[in-house]
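Raw input-v7.csv, CSV, N, CA and C atoms:
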chain,number,residue,atom,x,y,z
A,15,MET,N,10.1,23.8,10.1
A,15,MET,CA,10.6,23.9,8.8
A,15,MET,C,10.9,22.5,8.2
A,16,PHE,N,10.5,22.4,7.0
A,16,PHE,CA,10.7,21.1,6.3
A,16,PHE,C,12.1,21.0,5.7
A,17,LYS,N,12.7,19.8,5.9
A,17,LYS,CA,14.0,19.6,5.3
A,17,LYS,C,13.8,19.1,3.8
A,18,LYS,N,14.8,19.2,3.0
A,18,LYS,CA,14.7,18.8,1.6
A,18,LYS,C,14.3,17.3,1.6
A,19,ARG,N,14.9,16.5,2.5
A,19,ARG,CA,14.6,15.1,2.6
A,19,ARG,C,13.2,14.8,2.8
A,20,ASP,N,12.6,15.6,3.8
A,20,ASP,CA,11.2,15.4,4.1
A,20,ASP,C,10.3,15.7,2.9
A,21,ILE,N,10.6,16.8,2.2
A,21,ILE,CA,9.8,17.2,1.0
A,21,ILE,C,9.9,16.1,-0.1
A,22,LYS,N,11.1,15.6,-0.3
A,22,LYS,CA,11.3,14.6,-1.3
A,22,LYS,C,10.5,13.3,-1.0
A,23,GLU,N,10.5,12.9,0.3
A,23,GLU,CA,9.8,11.7,0.7
A,23,GLU,C,8.3,11.9,0.7
A,24,GLU,N,7.8,13.1,1.0
A,24,GLU,CA,6.4,13.4,0.9
A,24,GLU,C,5.9,13.3,-0.6
A,25,ILE,N,6.7,13.8,-1.5
A,25,ILE,CA,6.4,13.7,-2.9
A,25,ILE,C,6.4,12.2,-3.4
A,26,LEU,N,7.4,11.5,-2.9
A,26,LEU,CA,7.5,10.1,-3.3
A,26,LEU,C,6.2,9.3,-2.7
A,27,LYS,N,5.9,9.6,-1.5
A,27,LYS,CA,4.7,9.0,-0.8
A,27,LYS,C,3.4,9.3,-1.6
A,28,ILE,N,3.2,10.5,-2.1
A,28,ILE,CA,2.1,10.8,-2.8
A,28,ILE,C,2.1,10.1,-4.2
A,29,GLU,N,3.2,10.0,-4.8
A,29,GLU,CA,3.3,9.3,-6.1
A,29,GLU,C,3.0,7.9,-5.9
A,30,ILE,N,3.5,7.2,-4.9
A,30,ILE,CA,3.2,5.8,-4.7
A,30,ILE,C,1.7,5.6,-4.4
A,31,LEU,N,1.2,6.5,-3.5
A,31,LEU,CA,-0.3,6.4,-3.2
A,31,LEU,C,-1.1,6.5,-4.4
A,32,ASN,N,-0.8,7.5,-5.3
A,32,ASN,CA,-1.6,7.7,-6.5
A,32,ASN,C,-1.5,6.5,-7.5
A,33,ARG,N,-0.3,5.9,-7.5
A,33,ARG,CA,-0.1,4.8,-8.4
A,33,ARG,C,-0.8,3.5,-7.9
A,34,ILE,N,-0.9,3.4,-6.6
A,34,ILE,CA,-1.6,2.2,-6.0
A,34,ILE,C,-3.1,2.4,-6.3
A,35,LYS,N,-3.6,3.6,-6.1
A,35,LYS,CA,-5.0,3.9,-6.3
A,35,LYS,C,-5.4,3.7,-7.8
A,36,THR,N,-4.5,4.0,-8.7
A,36,THR,CA,-4.7,3.7,-10.1
A,36,THR,C,-4.9,2.2,-10.4
A,37,ILE,N,-4.0,1.4,-9.8
A,37,ILE,CA,-4.1,0.0,-9.9
A,37,ILE,C,-5.5,-0.5,-9.4
A,38,LEU,N,-5.9,0.0,-8.2
A,38,LEU,CA,-7.0,-0.4,-7.5
A,38,LEU,C,-8.4,0.0,-8.1
A,39,ASN,N,-8.3,1.0,-9.0
A,39,ASN,CA,-9.5,1.6,-9.6
A,39,ASN,C,-10.4,0.5,-10.3
A,40,ASN,N,-9.8,-0.6,-10.7
A,40,ASN,CA,-10.5,-1.6,-11.4
A,40,ASN,C,-11.2,-2.6,-10.5
A,41,TYR,N,-11.1,-2.4,-9.2
A,41,TYR,CA,-11.5,-3.4,-8.2
A,41,TYR,C,-12.4,-2.6,-7.2
A,42,THR,N,-13.1,-3.4,-6.3
A,42,THR,CA,-13.8,-2.9,-5.2
A,42,THR,C,-12.9,-3.0,-4.0
A,43,TYR,N,-12.5,-1.8,-3.5
A,43,TYR,CA,-11.5,-1.7,-2.4
A,43,TYR,C,-11.7,-0.5,-1.5
A,44,GLU,N,-11.0,-0.5,-0.4
A,44,GLU,CA,-10.9,0.6,0.5
A,44,GLU,C,-9.4,0.8,0.8
A,45,PHE,N,-9.0,2.0,0.5
A,45,PHE,CA,-7.5,2.4,0.7
A,45,PHE,C,-7.5,3.9,0.8
A,46,LYS,N,-6.9,4.4,1.9
A,46,LYS,CA,-6.9,5.9,2.1
A,46,LYS,C,-5.6,6.5,2.1
A,47,GLU,N,-4.6,5.9,2.9
A,47,GLU,CA,-3.4,6.6,3.2
A,47,GLU,C,-2.2,5.6,3.3
A,48,ILE,N,-1.1,6.2,3.2
A,48,ILE,CA,0.2,5.5,3.5
A,48,ILE,C,0.8,6.2,4.7
A,49,THR,N,1.3,5.5,5.6
A,49,THR,CA,2.0,6.0,6.8
A,49,THR,C,3.5,6.0,6.6
A,50,THR,N,4.2,7.0,7.0
A,50,THR,CA,5.7,7.0,6.9
A,50,THR,C,6.3,6.7,8.3
A,51,ILE,N,7.2,5.8,8.3
A,51,ILE,CA,8.0,5.5,9.5
A,51,ILE,C,9.4,5.9,9.2
A,52,SER,N,9.9,6.8,10.1
A,52,SER,CA,11.3,7.3,9.9
A,52,SER,C,12.2,6.7,11.0
A,53,LEU,N,13.3,6.1,10.5
A,53,LEU,CA,14.3,5.6,11.4
A,53,LEU,C,15.6,6.4,11.1
A,54,SER,N,16.6,6.3,11.9
A,54,SER,CA,17.8,7.2,11.6
A,54,SER,C,18.4,7.0,10.3
A,55,ASN,N,18.3,5.8,9.7
A,55,ASN,CA,19.0,5.5,8.5
A,55,ASN,C,18.1,5.1,7.4
A,56,GLN,N,16.8,5.1,7.6
A,56,GLN,CA,15.8,4.5,6.6
A,56,GLN,C,14.4,5.1,6.8
A,57,GLU,N,13.8,5.2,5.7
A,57,GLU,CA,12.3,5.6,5.6
A,57,GLU,C,11.6,4.4,5.1
A,58,SER,N,10.4,4.2,5.7
A,58,SER,CA,9.5,3.1,5.3
A,58,SER,C,8.1,3.7,5.1
A,59,PHE,N,7.4,3.1,4.2
A,59,PHE,CA,6.0,3.4,4.0
A,59,PHE,C,5.2,2.2,4.3
A,60,ILE,N,4.1,2.3,5.0
A,60,ILE,CA,3.2,1.2,5.3
A,60,ILE,C,1.8,1.5,4.9
A,61,GLY,N,1.0,0.5,4.6
A,61,GLY,CA,-0.4,0.8,4.2
A,61,GLY,C,-1.2,-0.5,4.3
A,62,ASN,N,-2.5,-0.3,4.3
A,62,ASN,CA,-3.5,-1.4,4.4
A,62,ASN,C,-4.5,-1.2,3.3
A,63,ILE,N,-4.8,-2.2,2.6
A,63,ILE,CA,-5.8,-2.2,1.5
A,63,ILE,C,-6.9,-3.3,1.9
A,64,LYS,N,-8.1,-2.9,1.8
A,64,LYS,CA,-9.2,-3.8,2.0
A,64,LYS,C,-9.7,-4.1,0.5
A,65,LEU,N,-9.5,-5.4,0.1
A,65,LEU,CA,-9.9,-5.8,-1.2
A,65,LEU,C,-11.2,-6.6,-1.1
A,66,PHE,N,-12.3,-6.1,-1.6
A,66,PHE,CA,-13.6,-6.8,-1.5
A,66,PHE,C,-13.8,-7.8,-2.7
A,67,ASP,N,-13.0,-7.7,-3.8
A,67,ASP,CA,-13.1,-8.7,-4.9
A,67,ASP,C,-12.3,-9.9,-4.5
A,68,LEU,N,-12.9,-10.8,-3.8
A,68,LEU,CA,-12.1,-11.9,-3.2
A,68,LEU,C,-11.4,-12.8,-4.3
A,69,ASN,N,-12.0,-12.9,-5.5
A,69,ASN,CA,-11.4,-13.8,-6.5
A,69,ASN,C,-10.3,-13.0,-7.3
A,70,LYS,N,-10.0,-11.8,-7.0
A,70,LYS,CA,-9.0,-11.0,-7.7
A,70,LYS,C,-7.7,-10.8,-6.9
A,71,LEU,N,-7.6,-11.5,-5.8
A,71,LEU,CA,-6.4,-11.3,-4.9
A,71,LEU,C,-5.1,-11.5,-5.6
A,72,ASP,N,-4.9,-12.6,-6.3
A,72,ASP,CA,-3.6,-12.9,-7.0
A,72,ASP,C,-3.3,-11.8,-8.0
A,73,GLU,N,-4.3,-11.4,-8.7
A,73,GLU,CA,-4.1,-10.3,-9.8
A,73,GLU,C,-3.7,-9.0,-9.1
A,74,VAL,N,-4.3,-8.6,-8.0
A,74,VAL,CA,-3.9,-7.4,-7.3
A,74,VAL,C,-2.6,-7.5,-6.7
A,75,LEU,N,-2.3,-8.6,-6.1
A,75,LEU,CA,-0.9,-8.8,-5.5
A,75,LEU,C,0.2,-8.8,-6.5
A,76,SER,N,-0.1,-9.3,-7.7
A,76,SER,CA,0.9,-9.3,-8.7
A,76,SER,C,1.2,-7.8,-9.2
A,77,LYS,N,0.2,-7.1,-9.4
A,77,LYS,CA,0.4,-5.7,-9.8
A,77,LYS,C,1.0,-4.8,-8.7
A,78,LEU,N,0.5,-5.0,-7.5
A,78,LEU,CA,1.1,-4.3,-6.3
A,78,LEU,C,2.5,-4.6,-6.1
A,79,SER,N,2.9,-5.9,-6.2
A,79,SER,CA,4.3,-6.3,-6.0
A,79,SER,C,5.2,-5.7,-7.1
A,80,SER,N,4.7,-5.7,-8.3
A,80,SER,CA,5.5,-5.1,-9.4
A,80,SER,C,5.7,-3.6,-9.2
A,81,LEU,N,4.7,-2.9,-8.7
A,81,LEU,CA,4.8,-1.5,-8.5
A,81,LEU,C,5.8,-1.2,-7.3
A,82,LEU,N,5.6,-1.9,-6.2
A,82,LEU,CA,6.5,-1.7,-5.0
A,82,LEU,C,7.9,-2.0,-5.3
A,83,ASP,N,8.2,-3.1,-6.1
A,83,ASP,CA,9.5,-3.5,-6.5
A,83,ASP,C,10.3,-2.3,-7.2
A,84,GLU,N,9.6,-1.5,-7.8
A,84,GLU,CA,10.2,-0.3,-8.5
A,84,GLU,C,10.8,0.7,-7.5
A,85,TYR,N,10.4,0.7,-6.3
A,85,TYR,CA,10.8,1.7,-5.3
A,85,TYR,C,11.8,1.1,-4.3
A,86,GLY,N,11.8,-0.1,-4.0
A,86,GLY,CA,12.7,-0.7,-3.0
A,86,GLY,C,12.3,-2.0,-2.5
A,87,LYS,N,13.0,-2.4,-1.4
A,87,LYS,CA,12.6,-3.6,-0.7
A,87,LYS,C,11.3,-3.5,-0.1
A,88,ASN,N,10.4,-4.6,-0.3
A,88,ASN,CA,9.1,-4.5,0.2
A,88,ASN,C,8.6,-5.9,0.7
A,89,SER,N,7.5,-5.9,1.4
A,89,SER,CA,6.9,-7.1,1.9
A,89,SER,C,5.4,-6.8,2.0
A,90,HIS,N,4.7,-7.9,2.0
A,90,HIS,CA,3.2,-7.8,2.2
A,90,HIS,C,2.7,-9.0,3.0
A,91,ASN,N,1.5,-8.8,3.6
A,91,ASN,CA,0.9,-9.9,4.3
A,91,ASN,C,-0.6,-9.8,3.9
A,92,VAL,N,-1.3,-11.0,3.8
A,92,VAL,CA,-2.7,-11.0,3.4
A,92,VAL,C,-3.4,-11.8,4.5
A,93,GLU,N,-4.6,-11.2,4.9
A,93,GLU,CA,-5.4,-11.9,5.8
A,93,GLU,C,-6.9,-11.8,5.3
A,94,GLU,N,-7.6,-12.9,5.4
A,94,GLU,CA,-9.0,-12.9,5.0
A,94,GLU,C,-9.8,-12.5,6.3
A,95,VAL,N,-10.7,-11.5,6.1
A,95,VAL,CA,-11.4,-10.9,7.2
A,95,VAL,C,-12.9,-11.2,7.0
A,96,GLU,N,-13.6,-11.7,7.9
A,96,GLU,CA,-15.0,-11.9,7.9
A,96,GLU,C,-15.6,-11.3,9.1
A,97,SER,N,-16.4,-10.3,8.9
A,97,SER,CA,-17.0,-9.5,10.0
A,97,SER,C,-18.5,-9.6,10.0
A,98,CYS,N,-19.1,-9.4,11.1
A,98,CYS,CA,-20.6,-9.4,11.2
A,98,CYS,C,-21.2,-8.2,10.5
A,99,CYS,N,-20.4,-7.1,10.4
A,99,CYS,CA,-21.0,-5.8,10.0
A,99,CYS,C,-20.6,-5.4,8.6
A,100,SER,N,-19.7,-6.1,7.9
A,100,SER,CA,-19.3,-5.7,6.6
A,100,SER,C,-19.1,-7.0,5.7
A,101,PRO,N,-19.0,-6.8,4.4
A,101,PRO,CA,-18.7,-7.9,3.6
A,101,PRO,C,-17.3,-8.5,3.8
A,102,LYS,N,-17.2,-9.8,3.5
A,102,LYS,CA,-15.9,-10.4,3.6
A,102,LYS,C,-14.9,-9.7,2.7
A,103,TYR,N,-13.6,-9.6,3.1
A,103,TYR,CA,-12.6,-9.0,2.3
A,103,TYR,C,-11.2,-9.6,2.7
A,104,HIS,N,-10.2,-9.3,1.8
A,104,HIS,CA,-8.8,-9.6,2.1
A,104,HIS,C,-8.2,-8.3,2.5
A,105,LEU,N,-7.5,-8.3,3.6
A,105,LEU,CA,-6.7,-7.2,4.1
A,105,LEU,C,-5.3,-7.4,3.6
A,106,ILE,N,-4.8,-6.5,2.8
A,106,ILE,CA,-3.4,-6.6,2.3
A,106,ILE,C,-2.6,-5.5,3.0
A,107,SER,N,-1.7,-5.9,3.8
A,107,SER,CA,-0.8,-5.0,4.5
A,107,SER,C,0.5,-5.0,3.8
A,108,PHE,N,1.1,-3.8,3.6
A,108,PHE,CA,2.4,-3.8,2.9
A,108,PHE,C,3.3,-2.8,3.6
A,109,LYS,N,4.6,-3.1,3.4
A,109,LYS,CA,5.7,-2.2,3.9
A,109,LYS,C,6.7,-2.0,2.8
A,110,LEU,N,7.1,-0.8,2.6
A,110,LEU,CA,8.1,-0.5,1.5
A,110,LEU,C,9.2,0.3,2.2
A,111,ASN,N,10.4,-0.2,2.0
A,111,ASN,CA,11.6,0.5,2.5
A,111,ASN,C,12.2,1.3,1.3
A,112,VAL,N,12.4,2.6,1.5
A,112,VAL,CA,12.9,3.5,0.5
A,112,VAL,C,14.2,4.1,0.9
Is it possible to give me this structure as structure tokens?
Amino acid sequence: MFKKRDIKEEILKIEILNRIKTILNNYTYEFKEITTISLSNQESFIGNIKLFDLNKLDEVLSKLSSLLDEYGKNSHNVEEVESCCSPKYHLISFKLNV
């Protein structure tokens, strides 16, 4: 059985996911899901975005940071990935404490 807290967090997770996808619609990206991490006193959401528009990183980070700031304390990390099997991209990993 779901607790009220679980339902509220799931709704919040879906809202954040949809808002991130709305931001990313103007770019070439891959982003599917947000994962929930539950600790005794805190919930966190984590996610990874593959951004293929290499010259748009600062623009995306600015919009993403503004969005996540609305929900709570957050952090992000960026790594440039070059693979033999796919185009070069920036991997944006983020964590949001709610």
Counting only C-alpha atoms, closest pick from A:Leu65, A:Ile60, A:Leu82, A:Leu26 relative to Asn39 of chain A is A:Leu65
From chain A, collect each residue whose DSSP state is strand (DSSP E) and return the set as a PyMOL selection string. chain A and resi 43-44+48-52+57-65+88-95+103-111
Looking at only C-alpha atoms, which of A:Glu93, A:Asp67, A:Asp72, A:Glu84 is the one that sits closest to Arg33 of chain A? A:Glu84
Give me the residues near segment 41-45 of chain A as a list in words, where near means some atom within 6.5 Å (using only N, CA and C atoms) and where sequence neighbours in that chain fewer than 2 positions away do not count. Ile37, Leu38, Asn39, Glu47, Asn62, Ile63, Lys64, Leu65, Phe66 and Asp67 of chain A
Between atom C of Leu31 of chain A and atom N of Thr49 of chain A, what is the distance in Å, rounded to a tenth?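 Here the two named atoms are 10.3 Å from each other.
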Running DSSP on the backbone, which parts of segment 46-107 of chain A land in helix (DSSP H, G or I), as a ChimeraX atom specification? /A:68-83
